[in-house]
file entry-v8.txt (compact mmCIF, N, CA and C atoms)
# COMPACT_ATOMS: atom_id res chain seq x y z
N MET A 10 -13.62 -4.18 9.39
CA MET A 10 -13.92 -4.83 8.13
C MET A 10 -13.20 -4.09 7.00
N MET A 11 -12.75 -4.87 6.01
CA MET A 11 -12.10 -4.26 4.86
C MET A 11 -12.60 -4.94 3.58
N LYS A 12 -12.81 -4.12 2.57
CA LYS A 12 -13.20 -4.61 1.26
C LYS A 12 -12.01 -4.52 0.33
N ILE A 13 -11.74 -5.60 -0.41
CA ILE A 13 -10.63 -5.67 -1.35
C ILE A 13 -11.23 -5.80 -2.74
N THR A 14 -10.95 -4.80 -3.60
CA THR A 14 -11.52 -4.80 -4.95
C THR A 14 -10.41 -4.71 -5.99
N PRO A 15 -10.13 -5.81 -6.69
CA PRO A 15 -9.14 -5.75 -7.77
C PRO A 15 -9.78 -5.12 -9.02
N VAL A 16 -9.05 -4.18 -9.62
CA VAL A 16 -9.54 -3.50 -10.82
C VAL A 16 -8.46 -3.62 -11.89
N ARG A 17 -8.82 -4.24 -13.02
CA ARG A 17 -7.89 -4.35 -14.15
C ARG A 17 -7.88 -3.00 -14.86
N VAL A 18 -6.76 -2.28 -14.77
CA VAL A 18 -6.62 -0.99 -15.43
C VAL A 18 -6.49 -1.21 -16.93
N ASP A 19 -5.64 -2.15 -17.30
CA ASP A 19 -5.48 -2.61 -18.68
C ASP A 19 -4.88 -4.01 -18.62
N ALA A 20 -4.49 -4.55 -19.76
CA ALA A 20 -3.99 -5.93 -19.80
C ALA A 20 -2.74 -6.14 -18.95
N LYS A 21 -1.98 -5.06 -18.71
CA LYS A 21 -0.71 -5.19 -18.00
C LYS A 21 -0.73 -4.59 -16.60
N SER A 22 -1.83 -3.95 -16.21
CA SER A 22 -1.86 -3.22 -14.94
C SER A 22 -3.05 -3.63 -14.08
N LEU A 23 -2.77 -3.78 -12.79
CA LEU A 23 -3.81 -4.11 -11.82
C LEU A 23 -3.74 -3.11 -10.69
N LYS A 24 -4.91 -2.61 -10.29
CA LYS A 24 -5.01 -1.76 -9.10
C LYS A 24 -5.93 -2.48 -8.13
N VAL A 25 -5.48 -2.60 -6.89
CA VAL A 25 -6.30 -3.21 -5.86
C VAL A 25 -6.72 -2.11 -4.90
N CYS A 26 -8.02 -1.83 -4.89
CA CYS A 26 -8.56 -0.78 -4.03
C CYS A 26 -8.96 -1.39 -2.69
N LEU A 27 -8.50 -0.76 -1.62
CA LEU A 27 -8.82 -1.21 -0.27
C LEU A 27 -9.75 -0.20 0.37
N CYS A 28 -10.73 -0.69 1.10
CA CYS A 28 -11.70 0.19 1.75
C CYS A 28 -11.99 -0.35 3.15
N GLY A 29 -11.78 0.50 4.15
CA GLY A 29 -12.06 0.10 5.53
C GLY A 29 -10.82 0.02 6.38
N GLN A 30 -10.85 -0.87 7.36
CA GLN A 30 -9.75 -1.01 8.31
C GLN A 30 -8.84 -2.15 7.87
N PHE A 31 -7.59 -1.80 7.56
CA PHE A 31 -6.61 -2.78 7.10
C PHE A 31 -5.86 -3.30 8.32
N THR A 32 -6.24 -4.51 8.73
CA THR A 32 -5.63 -5.14 9.90
C THR A 32 -5.04 -6.49 9.49
N LYS A 33 -4.29 -7.08 10.41
CA LYS A 33 -3.56 -8.31 10.11
C LYS A 33 -4.46 -9.42 9.59
N GLU A 34 -5.71 -9.45 9.99
CA GLU A 34 -6.59 -10.52 9.54
C GLU A 34 -6.86 -10.45 8.03
N TYR A 35 -6.63 -9.30 7.39
CA TYR A 35 -6.88 -9.16 5.95
C TYR A 35 -5.61 -9.33 5.10
N VAL A 36 -4.46 -9.42 5.74
CA VAL A 36 -3.21 -9.58 5.00
C VAL A 36 -3.22 -10.86 4.16
N PRO A 37 -3.61 -12.03 4.70
CA PRO A 37 -3.62 -13.25 3.86
C PRO A 37 -4.57 -13.13 2.66
N GLU A 38 -5.72 -12.51 2.88
CA GLU A 38 -6.68 -12.34 1.78
C GLU A 38 -6.10 -11.44 0.69
N LEU A 39 -5.45 -10.38 1.09
CA LEU A 39 -4.83 -9.47 0.12
C LEU A 39 -3.69 -10.18 -0.61
N GLU A 40 -2.91 -10.97 0.12
CA GLU A 40 -1.83 -11.75 -0.52
C GLU A 40 -2.38 -12.71 -1.56
N ARG A 41 -3.50 -13.37 -1.24
CA ARG A 41 -4.13 -14.28 -2.22
C ARG A 41 -4.61 -13.51 -3.45
N THR A 42 -5.18 -12.35 -3.24
CA THR A 42 -5.65 -11.53 -4.35
C THR A 42 -4.48 -11.14 -5.24
N LEU A 43 -3.38 -10.70 -4.63
CA LEU A 43 -2.21 -10.31 -5.41
C LEU A 43 -1.59 -11.50 -6.13
N ALA A 44 -1.57 -12.66 -5.48
CA ALA A 44 -0.99 -13.85 -6.11
C ALA A 44 -1.84 -14.32 -7.29
N GLY A 45 -3.16 -14.20 -7.16
CA GLY A 45 -4.04 -14.65 -8.22
C GLY A 45 -4.17 -13.61 -9.33
N GLU A 46 -4.77 -12.49 -9.01
CA GLU A 46 -5.04 -11.43 -9.98
C GLU A 46 -3.75 -10.76 -10.46
N GLY A 47 -2.83 -10.54 -9.53
CA GLY A 47 -1.63 -9.77 -9.84
C GLY A 47 -0.52 -10.56 -10.50
N SER A 48 -0.65 -11.88 -10.53
CA SER A 48 0.44 -12.69 -11.07
C SER A 48 0.70 -12.43 -12.56
N GLU A 49 -0.33 -12.03 -13.29
CA GLU A 49 -0.18 -11.78 -14.72
C GLU A 49 0.10 -10.32 -15.03
N ALA A 50 -0.07 -9.44 -14.07
CA ALA A 50 0.11 -8.01 -14.31
C ALA A 50 1.58 -7.62 -14.22
N GLN A 51 1.98 -6.70 -15.08
CA GLN A 51 3.35 -6.18 -15.02
C GLN A 51 3.47 -5.09 -13.96
N THR A 52 2.41 -4.32 -13.78
CA THR A 52 2.41 -3.30 -12.73
C THR A 52 1.21 -3.53 -11.81
N VAL A 53 1.47 -3.44 -10.52
CA VAL A 53 0.43 -3.65 -9.51
C VAL A 53 0.49 -2.47 -8.55
N ALA A 54 -0.69 -1.96 -8.21
CA ALA A 54 -0.78 -0.85 -7.26
C ALA A 54 -1.84 -1.16 -6.21
N LEU A 55 -1.57 -0.74 -4.99
CA LEU A 55 -2.56 -0.80 -3.92
C LEU A 55 -3.04 0.62 -3.68
N ASP A 56 -4.35 0.83 -3.75
CA ASP A 56 -4.93 2.15 -3.54
C ASP A 56 -5.54 2.19 -2.14
N LEU A 57 -4.96 3.02 -1.27
CA LEU A 57 -5.40 3.11 0.11
C LEU A 57 -6.28 4.32 0.37
N ALA A 58 -6.85 4.92 -0.66
CA ALA A 58 -7.64 6.14 -0.53
C ALA A 58 -8.79 6.00 0.48
N ASN A 59 -9.37 4.82 0.56
CA ASN A 59 -10.53 4.63 1.44
C ASN A 59 -10.21 3.79 2.66
N VAL A 60 -8.93 3.71 3.00
CA VAL A 60 -8.52 2.98 4.20
C VAL A 60 -8.61 3.94 5.39
N THR A 61 -9.28 3.49 6.45
CA THR A 61 -9.50 4.34 7.62
C THR A 61 -8.57 4.00 8.78
N PHE A 62 -7.94 2.83 8.73
CA PHE A 62 -7.06 2.40 9.83
C PHE A 62 -6.09 1.37 9.30
N VAL A 63 -4.85 1.42 9.77
CA VAL A 63 -3.84 0.43 9.42
C VAL A 63 -3.13 0.01 10.70
N ASP A 64 -3.07 -1.31 10.98
CA ASP A 64 -2.34 -1.75 12.17
C ASP A 64 -0.90 -2.08 11.79
N ARG A 65 -0.10 -2.40 12.78
CA ARG A 65 1.33 -2.61 12.55
C ARG A 65 1.61 -3.75 11.57
N GLU A 66 0.90 -4.87 11.70
CA GLU A 66 1.12 -6.01 10.82
C GLU A 66 0.78 -5.65 9.37
N ALA A 67 -0.28 -4.88 9.17
CA ALA A 67 -0.64 -4.44 7.83
C ALA A 67 0.42 -3.48 7.29
N MET A 68 0.97 -2.66 8.15
CA MET A 68 2.02 -1.73 7.74
C MET A 68 3.28 -2.49 7.31
N VAL A 69 3.62 -3.53 8.04
CA VAL A 69 4.77 -4.36 7.66
C VAL A 69 4.50 -4.99 6.29
N PHE A 70 3.25 -5.42 6.05
CA PHE A 70 2.90 -5.96 4.74
C PHE A 70 3.09 -4.90 3.65
N LEU A 71 2.66 -3.67 3.92
CA LEU A 71 2.82 -2.59 2.93
C LEU A 71 4.30 -2.39 2.59
N CYS A 72 5.15 -2.48 3.59
CA CYS A 72 6.60 -2.35 3.35
C CYS A 72 7.10 -3.48 2.47
N SER A 73 6.64 -4.70 2.74
CA SER A 73 7.08 -5.82 1.92
C SER A 73 6.55 -5.69 0.50
N ALA A 74 5.35 -5.14 0.36
CA ALA A 74 4.79 -4.92 -0.98
C ALA A 74 5.63 -3.91 -1.74
N LYS A 75 6.05 -2.84 -1.06
CA LYS A 75 6.91 -1.84 -1.70
C LYS A 75 8.20 -2.48 -2.18
N SER A 76 8.75 -3.39 -1.39
CA SER A 76 10.01 -4.04 -1.77
C SER A 76 9.83 -4.96 -2.98
N LYS A 77 8.57 -5.35 -3.25
CA LYS A 77 8.27 -6.18 -4.43
C LYS A 77 7.80 -5.33 -5.60
N ASN A 78 8.07 -4.03 -5.54
CA ASN A 78 7.71 -3.08 -6.60
C ASN A 78 6.20 -2.93 -6.79
N ILE A 79 5.45 -3.12 -5.74
CA ILE A 79 4.02 -2.84 -5.77
C ILE A 79 3.87 -1.39 -5.31
N THR A 80 3.23 -0.60 -6.13
CA THR A 80 3.05 0.82 -5.82
C THR A 80 1.96 1.00 -4.78
N ILE A 81 2.21 1.86 -3.81
CA ILE A 81 1.22 2.20 -2.80
C ILE A 81 0.69 3.60 -3.14
N GLU A 82 -0.58 3.68 -3.48
CA GLU A 82 -1.19 4.94 -3.85
C GLU A 82 -2.09 5.46 -2.74
N ASN A 83 -2.15 6.78 -2.62
CA ASN A 83 -3.04 7.45 -1.67
C ASN A 83 -2.86 6.94 -0.24
N CYS A 84 -1.61 6.75 0.14
CA CYS A 84 -1.30 6.27 1.48
C CYS A 84 -1.59 7.38 2.49
N PRO A 85 -2.39 7.09 3.53
CA PRO A 85 -2.68 8.12 4.53
C PRO A 85 -1.40 8.68 5.13
N SER A 86 -1.39 9.97 5.38
CA SER A 86 -0.17 10.62 5.86
C SER A 86 0.32 10.05 7.19
N TYR A 87 -0.61 9.64 8.07
CA TYR A 87 -0.16 9.08 9.35
C TYR A 87 0.59 7.77 9.15
N VAL A 88 0.22 7.00 8.12
CA VAL A 88 0.91 5.75 7.82
C VAL A 88 2.32 6.04 7.32
N VAL A 89 2.43 7.03 6.44
CA VAL A 89 3.74 7.43 5.92
C VAL A 89 4.64 7.86 7.07
N ARG A 90 4.12 8.69 7.98
CA ARG A 90 4.92 9.15 9.13
C ARG A 90 5.31 7.99 10.03
N TRP A 91 4.39 7.08 10.27
CA TRP A 91 4.66 5.94 11.15
C TRP A 91 5.78 5.08 10.56
N ILE A 92 5.71 4.82 9.27
CA ILE A 92 6.74 4.03 8.61
C ILE A 92 8.09 4.72 8.74
N GLN A 93 8.11 6.02 8.52
CA GLN A 93 9.37 6.78 8.61
C GLN A 93 9.91 6.79 10.03
N GLN A 94 9.06 7.01 11.01
CA GLN A 94 9.50 7.08 12.40
C GLN A 94 10.06 5.75 12.89
N GLU A 95 9.44 4.67 12.49
CA GLU A 95 9.86 3.36 12.98
C GLU A 95 10.84 2.67 12.05
N HIS A 96 11.17 3.31 10.94
CA HIS A 96 12.10 2.74 9.96
C HIS A 96 11.67 1.33 9.56
N LEU A 97 10.37 1.17 9.30
CA LEU A 97 9.85 -0.15 8.97
C LEU A 97 10.24 -0.60 7.57
N CYS A 98 10.45 0.36 6.67
CA CYS A 98 10.84 0.02 5.31
C CYS A 98 12.24 0.56 5.08
N SER A 99 13.06 -0.23 4.44
CA SER A 99 14.37 0.32 4.07
C SER A 99 14.13 1.31 2.95
N GLY A 100 14.69 2.51 3.08
CA GLY A 100 14.45 3.55 2.09
C GLY A 100 13.00 3.94 2.07
N SER A 101 12.43 4.26 3.22
CA SER A 101 10.99 4.50 3.32
C SER A 101 10.57 5.90 2.88
N SER A 102 11.28 6.47 1.96
CA SER A 102 10.87 7.77 1.43
C SER A 102 9.60 7.60 0.62
N SER A 103 9.11 8.65 0.08
CA SER A 103 7.83 8.61 -0.63
C SER A 103 7.98 8.14 -2.06
N SER A 104 9.04 7.44 -2.41
CA SER A 104 9.29 7.06 -3.79
C SER A 104 8.15 6.25 -4.40
N SER A 105 7.48 5.42 -3.61
CA SER A 105 6.39 4.66 -4.19
C SER A 105 5.04 5.17 -3.70
N ASN A 106 5.03 6.32 -3.08
CA ASN A 106 3.79 6.91 -2.61
C ASN A 106 3.39 7.98 -3.61
N ASP A 107 2.37 7.69 -4.40
CA ASP A 107 2.00 8.56 -5.50
C ASP A 107 1.16 9.76 -5.08
N ASP A 108 0.70 9.81 -3.84
CA ASP A 108 -0.16 10.94 -3.53
C ASP A 108 0.66 12.14 -3.12
N SER A 109 0.03 13.28 -3.19
CA SER A 109 0.74 14.52 -2.93
C SER A 109 0.54 15.00 -1.50
N GLN A 110 -0.03 14.15 -0.64
CA GLN A 110 -0.28 14.56 0.73
C GLN A 110 1.00 14.69 1.54
N GLN A 111 2.00 13.89 1.21
CA GLN A 111 3.22 13.89 1.99
C GLN A 111 4.09 15.06 1.59
N THR A 112 4.63 15.72 2.58
CA THR A 112 5.57 16.78 2.32
C THR A 112 6.85 16.49 3.07
N GLU A 113 7.94 16.87 2.50
CA GLU A 113 9.23 16.67 3.15
C GLU A 113 9.41 17.72 4.24
N PRO A 114 10.08 17.39 5.33
CA PRO A 114 10.31 18.37 6.39
C PRO A 114 11.20 19.50 5.85
N ALA A 115 10.97 20.67 6.39
CA ALA A 115 11.76 21.82 5.97
C ALA A 115 13.20 21.65 6.44
N LYS A 116 14.12 21.99 5.58
CA LYS A 116 15.54 21.89 5.94
C LYS A 116 16.03 23.26 6.36
N HIS A 117 16.69 23.29 7.51
CA HIS A 117 17.16 24.58 8.06
C HIS A 117 18.64 24.74 7.82
call {"tool": "encode", "arguments": {"input": "entry-v8.txt", "output": "structure tokens"}}
result
Amino acid sequence: MMKITPVRVDAKSLKVCLCGQFTKEYVPELERTLAGEGSEAQTVALDLANVTFVDREAMVFLCSAKSKNITIENCPSYVVRWIQQEHLCSGSSSSSNDDSQQTEPAKH
């Protein structure tokens, strides 16, 4: 189960907080939320701080959201690693990942 909570930060910004397991069955609901609530916002962010699980289809959705300039906040580190390992997003660096959990590998 996943809870989707849109929060108007201000007149131009929307944050959508996700809580629970983000699976493919919730992708259409999240898309509807973004199309409705997010259509008027200049900046949109998805907050994954309370997400406990992400399946592959949801991860592909997160990549497409990044490509639409939707910021992904508090992305679990395992999701970041999975995206990087599978090259699911073009340019899948942490550029739109605002949390400080991700660290770059040490360069030798």
call {"tool": "atom_distance", "arguments": {"input": "entry-v8.txt", "atom1": "atom CA of A:Gly29", "atom2": "atom CA of A:Thr61"}}
result
5.4 Å
call {"tool": "residues_around", "arguments": {"input": "entry-v8.txt", "residues": "stretch 31-40 of chain A", "least_positions_apart": "3", "cutoff": "5 Å", "atoms": "only N, CA and C atoms", "output": "count of residues only"}}
result
6
call {"tool": "atom_distance", "arguments": {"input": "entry-v8.txt", "atom1": "atom CA of A:Lys75", "atom2": "atom C of A:Met10"}}
result
22.0 Å
call {"tool": "residues_around", "arguments": {"input": "entry-v8.txt", "residues": "A:Leu55", "least_positions_apart": "3", "cutoff": "7 Å", "atoms": "only N, CA and C atoms", "output": "number ranges by chain"}}
result
A: 23-27, 58, 79-83
call {"tool": "closest_atom_pairs", "arguments": {"input": "entry-v8.txt", "of": "stretch 19-87 of chain A", "to": "stretch 92-95 of chain A", "cutoff": "8 Å", "atoms": "all atoms listed in the file", "output": "CSV"}}
result
residue,atom,partner,partner_atom,distance
A:Met68,C,A:Ile92,CA,7.5
A:Ser86,C,A:Ile92,N,7.8
A:Tyr87,C,A:Ile92,N,5.9
call {"tool": "atom_distance", "arguments": {"input": "entry-v8.txt", "atom1": "atom CA of A:Cys84", "atom2": "atom CA of A:Val60"}}
result
8.4 Å
call {"tool": "select_by_dssp", "arguments": {"input": "entry-v8.txt", "residues": "stretch 12-116 of chain A", "states": "strand (DSSP E)", "output": "PyMOL selection string"}}
result
chain A and resi 12-19+22-31+52-63+80-82
call {"tool": "closest_residue", "arguments": {"input": "entry-v8.txt", "among": "A:Leu57, A:Met11, A:Ala50, A:Cys72", "to": "A:Gln30", "atoms": "only C-alpha atoms"}}
result
A:Met11
call {"tool": "closest_residue", "arguments": {"input": "entry-v8.txt", "among": "A:Cys28, A:Val88, A:Ser22, A:Leu71", "to": "A:Gly47", "atoms": "only C-alpha atoms"}}
result
A:Ser22
call {"tool": "select_by_dssp", "arguments": {"input": "entry-v8.txt", "residues": "chain A", "states": "alpha helix (DSSP H)", "output": "ChimeraX atom specification"}}
result
/A:36-45,65-76,86-95
call {"tool": "decode", "arguments": {"input": "entry-v8.txt", "residues": "stretch 16-61 of chain A", "atoms": "N, CA and C atoms", "output": "CSV table (one decimal), in the first residue's frame"}}
result
chain,number,residue,atom,x,y,z
A,16,VAL,N,1.4,18.3,-1.4
A,16,VAL,CA,1.5,19.4,-0.4
A,16,VAL,C,1.9,20.7,-1.2
A,17,ARG,N,1.1,21.7,-1.2
A,17,ARG,CA,1.4,23.0,-1.9
A,17,ARG,C,2.5,23.7,-1.0
A,18,VAL,N,3.7,23.8,-1.5
A,18,VAL,CA,4.7,24.5,-0.7
A,18,VAL,C,4.5,26.0,-0.8
A,19,ASP,N,4.2,26.5,-2.0
A,19,ASP,CA,3.7,27.9,-2.2
A,19,ASP,C,3.0,27.9,-3.5
A,20,ALA,N,2.7,29.1,-4.0
A,20,ALA,CA,1.8,29.1,-5.2
A,20,ALA,C,2.5,28.5,-6.5
A,21,LYS,N,3.8,28.4,-6.4
A,21,LYS,CA,4.6,27.9,-7.6
A,21,LYS,C,5.2,26.5,-7.4
A,22,SER,N,5.1,26.0,-6.2
A,22,SER,CA,5.8,24.7,-5.9
A,22,SER,C,4.9,23.7,-5.3
A,23,LEU,N,5.1,22.5,-5.7
A,23,LEU,CA,4.3,21.3,-5.2
A,23,LEU,C,5.3,20.2,-4.8
A,24,LYS,N,5.0,19.7,-3.6
A,24,LYS,CA,5.8,18.5,-3.2
A,24,LYS,C,4.8,17.4,-3.0
A,25,VAL,N,5.1,16.2,-3.6
A,25,VAL,CA,4.2,15.1,-3.4
A,25,VAL,C,5.0,14.1,-2.5
A,26,CYS,N,4.4,13.9,-1.4
A,26,CYS,CA,5.0,12.9,-0.4
A,26,CYS,C,4.5,11.5,-0.6
A,27,LEU,N,5.4,10.6,-0.7
A,27,LEU,CA,5.0,9.2,-0.9
A,27,LEU,C,5.3,8.4,0.4
A,28,CYS,N,4.4,7.5,0.8
A,28,CYS,CA,4.6,6.7,2.0
A,28,CYS,C,4.2,5.3,1.7
A,29,GLY,N,5.1,4.4,1.9
A,29,GLY,CA,4.7,3.0,1.8
A,29,GLY,C,5.5,2.3,0.6
A,30,GLN,N,4.9,1.3,0.0
A,30,GLN,CA,5.5,0.6,-1.0
A,30,GLN,C,5.1,1.1,-2.4
A,31,PHE,N,6.1,1.6,-3.1
A,31,PHE,CA,5.8,2.2,-4.5
A,31,PHE,C,6.0,1.1,-5.5
A,32,THR,N,4.8,0.6,-6.0
A,32,THR,CA,4.8,-0.4,-7.0
A,32,THR,C,4.0,0.1,-8.2
A,33,LYS,N,4.1,-0.7,-9.3
A,33,LYS,CA,3.5,-0.3,-10.5
A,33,LYS,C,2.0,0.0,-10.4
A,34,GLU,N,1.3,-0.6,-9.5
A,34,GLU,CA,-0.1,-0.3,-9.4
A,34,GLU,C,-0.4,1.1,-8.9
A,35,TYR,N,0.6,1.8,-8.4
A,35,TYR,CA,0.4,3.2,-7.9
A,35,TYR,C,0.9,4.2,-8.9
A,36,VAL,N,1.6,3.8,-10.0
A,36,VAL,CA,2.1,4.7,-11.0
A,36,VAL,C,1.0,5.5,-11.6
A,37,PRO,N,-0.1,4.9,-12.1
A,37,PRO,CA,-1.2,5.7,-12.7
A,37,PRO,C,-1.8,6.7,-11.7
A,38,GLU,N,-1.9,6.4,-10.5
A,38,GLU,CA,-2.5,7.3,-9.5
A,38,GLU,C,-1.5,8.5,-9.3
A,39,LEU,N,-0.3,8.2,-9.2
A,39,LEU,CA,0.7,9.3,-9.0
A,39,LEU,C,0.7,10.2,-10.3
A,40,GLU,N,0.6,9.6,-11.5
A,40,GLU,CA,0.6,10.4,-12.7
A,40,GLU,C,-0.6,11.3,-12.7
A,41,ARG,N,-1.8,10.8,-12.3
A,41,ARG,CA,-3.0,11.6,-12.2
A,41,ARG,C,-2.8,12.8,-11.2
A,42,THR,N,-2.2,12.5,-10.1
A,42,THR,CA,-1.9,13.5,-9.1
A,42,THR,C,-1.0,14.6,-9.7
A,43,LEU,N,0.1,14.2,-10.4
A,43,LEU,CA,1.0,15.1,-11.0
A,43,LEU,C,0.3,15.9,-12.1
A,44,ALA,N,-0.5,15.3,-12.9
A,44,ALA,CA,-1.2,16.0,-14.0
A,44,ALA,C,-2.2,17.0,-13.4
A,45,GLY,N,-2.9,16.6,-12.3
A,45,GLY,CA,-3.9,17.5,-11.8
A,45,GLY,C,-3.3,18.6,-10.9
A,46,GLU,N,-2.7,18.2,-9.8
A,46,GLU,CA,-2.1,19.2,-8.9
A,46,GLU,C,-0.9,19.9,-9.4
A,47,GLY,N,0.0,19.1,-10.1
A,47,GLY,CA,1.3,19.6,-10.6
A,47,GLY,C,1.2,20.4,-11.9
A,48,SER,N,0.1,20.4,-12.5
A,48,SER,CA,0.0,21.1,-13.8
A,48,SER,C,0.2,22.6,-13.7
A,49,GLU,N,-0.2,23.2,-12.6
A,49,GLU,CA,-0.1,24.6,-12.4
A,49,GLU,C,1.3,25.0,-11.7
A,50,ALA,N,2.0,24.1,-11.1
A,50,ALA,CA,3.2,24.3,-10.4
A,50,ALA,C,4.4,24.5,-11.3
A,51,GLN,N,5.3,25.4,-11.0
A,51,GLN,CA,6.5,25.6,-11.8
A,51,GLN,C,7.5,24.6,-11.3
A,52,THR,N,7.6,24.3,-10.1
A,52,THR,CA,8.5,23.2,-9.6
A,52,THR,C,7.7,22.1,-8.9
A,53,VAL,N,8.1,20.9,-9.2
A,53,VAL,CA,7.4,19.7,-8.6
A,53,VAL,C,8.5,18.8,-8.0
A,54,ALA,N,8.2,18.3,-6.8
A,54,ALA,CA,9.2,17.4,-6.2
A,54,ALA,C,8.4,16.2,-5.7
A,55,LEU,N,9.1,15.0,-5.8
A,55,LEU,CA,8.6,13.8,-5.2
A,55,LEU,C,9.4,13.5,-4.0
A,56,ASP,N,8.8,13.4,-2.8
A,56,ASP,CA,9.6,13.1,-1.6
A,56,ASP,C,9.4,11.6,-1.2
A,57,LEU,N,10.5,10.9,-1.3
A,57,LEU,CA,10.5,9.4,-1.1
A,57,LEU,C,11.0,9.1,0.3
A,58,ALA,N,11.0,10.0,1.3
A,58,ALA,CA,11.5,9.8,2.6
A,58,ALA,C,10.8,8.6,3.3
A,59,ASN,N,9.6,8.4,3.1
A,59,ASN,CA,8.8,7.3,3.8
A,59,ASN,C,8.5,6.2,2.9
A,60,VAL,N,9.2,6.0,1.7
A,60,VAL,CA,9.0,4.9,0.8
A,60,VAL,C,9.8,3.7,1.3
A,61,THR,N,9.2,2.6,1.5
A,61,THR,CA,9.9,1.4,2.0
A,61,THR,C,10.3,0.4,1.0
